[in-house]
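To start, the structure itself, in structure tokens.
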Amino acid sequence: MKNNIRVERAIKNITQADLADLIGVSRQTINTIESNRYVPSTVLALKIARVFEKPVEEIFMLDDKD
Amino acid sequence: MKTRFLFPYWCKFLGVGLFLVHLPVMLLKKQLGFEGAPEGTSIFNSNHLFFMITTLTMLSGLVLIAFSKERIEDEQITQLRMDSLQLAIYLNYIVLIISLAFTNKNDFWDIMRLNMWVPLMFFILLFRWKLYRNNRFTKEDEI
């Protein structure tokens, strides 16, 4: 699964730590999601989408391996 | 993220404390040569009580270290915890099977006694290593 959290964060101008605080996880979790090492649960994906005020599909998308 | 069956964060320090307290007592036990209860005596004699106290201190310490929450307990930590637990159990049973295959009946009791704390120790070490690796990746990727 791919995601463009890094881009969305740059647009909103918030750091990984800010995003982590907003959704109540550790900064490591945001980092591993961004670098595609961890696939978040649906709840977490929805929370991230809510922060960026966009639908989940615009932030997370399936890639060829999925 | 709701996590069940975990002790609060501060229990980890209590666990480390209990484990550290047990170490000098255990060394003393080795020095003085307490080795369980002699055959045919009552279960509550001093040797057995001493064994119970040291072993229970160590085991409760390890359980508290292993199953306390992290400072920020989120779903990724839960995932790492589950992975480490699974690996630790696999590793433990591989070691157990090998050691049972290559020893005779007399060593069985010693192997079982080791088996009392080895899985927990495997789990703690694996989990800590995974957390350390996770933190290191994050630091390398600092923004």
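The way I read the labels, and the way they are meant: chains A, B, ... in the order of the structure tokens, residue 1 as the first residue of every chain, and ligand 1 as the first ligand shown, with later ones counted on from there.
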Open item on the list: Should the cut-off be 9 Å, what would the residue list for chain B against chain A look like, counting only C-alpha atoms, as number ranges by chain?
Closed with: B: 1, 72-77, 134-135, 137-139, 141-143
Task: helix (DSSP H, G or I) positions in segment 21-54 of chain A, given as a PyMOL selection string - done: chain A and resi 21-23+27-34+42-52
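Among A:Thr42, A:Glu8, A:Phe52, A:Met1, the residue with the shortest atom-to-atom distance to Leu22 of chain A, counting only C-alpha atoms, is A:Phe52.
Relative to atom CA of Asp83 of chain B, atom CA of Glu34 of chain A is found at 20.6 Å.
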Task: d(atom CA of Ile124 of chain B, atom CA of Ala20 of chain A) in Å - done: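 Atom CA of Ile124 of chain B sits 25.7 Å away from atom CA of Ala20 of chain A.
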Task: Distance of atom CA of Asn36 of chain A from atom CA of Glu70 of chain B, expressed in Å to one decimal place - done: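 We find that atom CA of Glu70 of chain B and atom CA of Asn36 of chain A lie 22.8 Å from each other.
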Open item on the list: Set the distance at 7 Å and use only C-alpha atoms: which residues neighbour Phe67 of chain B once local chain neighbours fewer than 4 positions away are removed? I'd like the list as a ChimeraX atom specification.
Closed with: /B:6-7,63
Those same residues, written as a JSON list (two decimals), in the first residue's frame with C-alpha atoms?
```
[["chain", "number", "residue", "atom", "x", "y", "z"],
["B", 6, "LEU", "CA", -1.30, -5.15, 29.90],
["B", 7, "PHE", "CA", 0.05, -3.67, 33.12],
["B", 63, "VAL", "CA", 6.26, -10.90, 33.65]]
```
Task: Residue neighbourhood Leu18 of chain B, 10 Å, only C-alpha atoms, exclusion window fewer than 5 positions, as a list in words - done: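 Once the nearby chain positions are removed, what remains is Lys12, Phe13, Leu23, Thr54, Leu56, Thr57, Met58, Leu59, Ser60, Gly61, Leu62, Leu64 and Ile65 of chain B.
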Let's have the selection written as a JSON list (two decimals), in the first residue's frame, with C-alpha atoms.
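The resulting file, again-v1.json, is reproduced below:
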```json
[["chain", "number", "residue", "atom", "x", "y", "z"],
["B", 12, "LYS", "CA", 7.97, -2.04, 34.03],
["B", 13, "PHE", "CA", 10.20, -0.28, 36.57],
["B", 23, "LEU", "CA", 20.07, -11.38, 41.31],
["B", 54, "THR", "CA", 13.68, -16.13, 44.69],
["B", 56, "LEU", "CA", 8.65, -15.97, 42.32],
["B", 57, "THR", "CA", 10.49, -12.63, 42.58],
["B", 58, "MET", "CA", 12.30, -13.30, 39.33],
["B", 59, "LEU", "CA", 9.23, -14.57, 37.50],
["B", 60, "SER", "CA", 6.94, -11.75, 38.58],
["B", 61, "GLY", "CA", 9.71, -9.28, 37.66],
["B", 62, "LEU", "CA", 10.03, -10.75, 34.18],
["B", 64, "LEU", "CA", 5.92, -7.24, 34.66],
["B", 65, "ILE", "CA", 8.78, -6.19, 32.34]]
```
Task: Members of chain A assigned strand (DSSP E or B) by DSSP, as an MDAnalysis selection string - done: chainID A and resid 2:3 60:61
Just C-alpha atoms for this one: save the residues we selected as a PDB file, in the first residue's frame.
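Listing of out_36.pdb after writing:
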```pdb
ATOM      1  CA  LYS A   2       1.307   3.432  -0.932  1.00  0.00           C
ATOM      2  CA  ASN A   3       0.510   6.722   0.746  1.00  0.00           C
ATOM      3  CA  PHE A  60      -3.720   5.725   0.897  1.00  0.00           C
ATOM      4  CA  MET A  61      -3.775   3.758  -2.340  1.00  0.00           C
TER       5      MET A  61
END
```
TODO: Please provide the set of residues having any atom within 10 Å of Val118 of chain B, restricted to only C-alpha atoms, with same-chain residues fewer than 6 positions apart removed, written as a PyMOL selection string.
DONE: chain B and resi 88-89+91-92+95-96+111-112+124
What does the file look like for those residues with N, CA and C atoms, as a compact mmCIF listing (two decimals), in the first residue's frame?
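Once written, again13.txt looks like this:
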```txt
# COMPACT_ATOMS: atom_id res chain seq x y z
N ALA B 88 9.39 -15.49 19.84
CA ALA B 88 9.98 -16.00 21.09
C ALA B 88 9.47 -17.41 21.36
N ILE B 89 8.19 -17.65 21.12
CA ILE B 89 7.62 -18.98 21.37
C ILE B 89 8.23 -20.00 20.39
N LEU B 91 11.16 -19.81 18.90
CA LEU B 91 12.55 -19.97 19.28
C LEU B 91 12.66 -20.88 20.51
N ASN B 92 11.78 -20.64 21.48
CA ASN B 92 11.80 -21.43 22.70
C ASN B 92 11.55 -22.89 22.41
N VAL B 95 14.54 -24.53 20.67
CA VAL B 95 15.59 -24.82 21.66
C VAL B 95 15.18 -25.99 22.55
N LEU B 96 13.91 -26.00 22.97
CA LEU B 96 13.41 -27.06 23.86
C LEU B 96 13.47 -28.42 23.17
N ILE B 111 16.13 -28.72 32.33
CA ILE B 111 15.62 -28.08 31.11
C ILE B 111 14.28 -27.42 31.39
N MET B 112 13.44 -28.11 32.15
CA MET B 112 12.13 -27.54 32.46
C MET B 112 12.26 -26.32 33.36
N ILE B 124 11.31 -10.65 25.82
CA ILE B 124 11.74 -9.30 26.23
C ILE B 124 12.87 -8.81 25.32
```
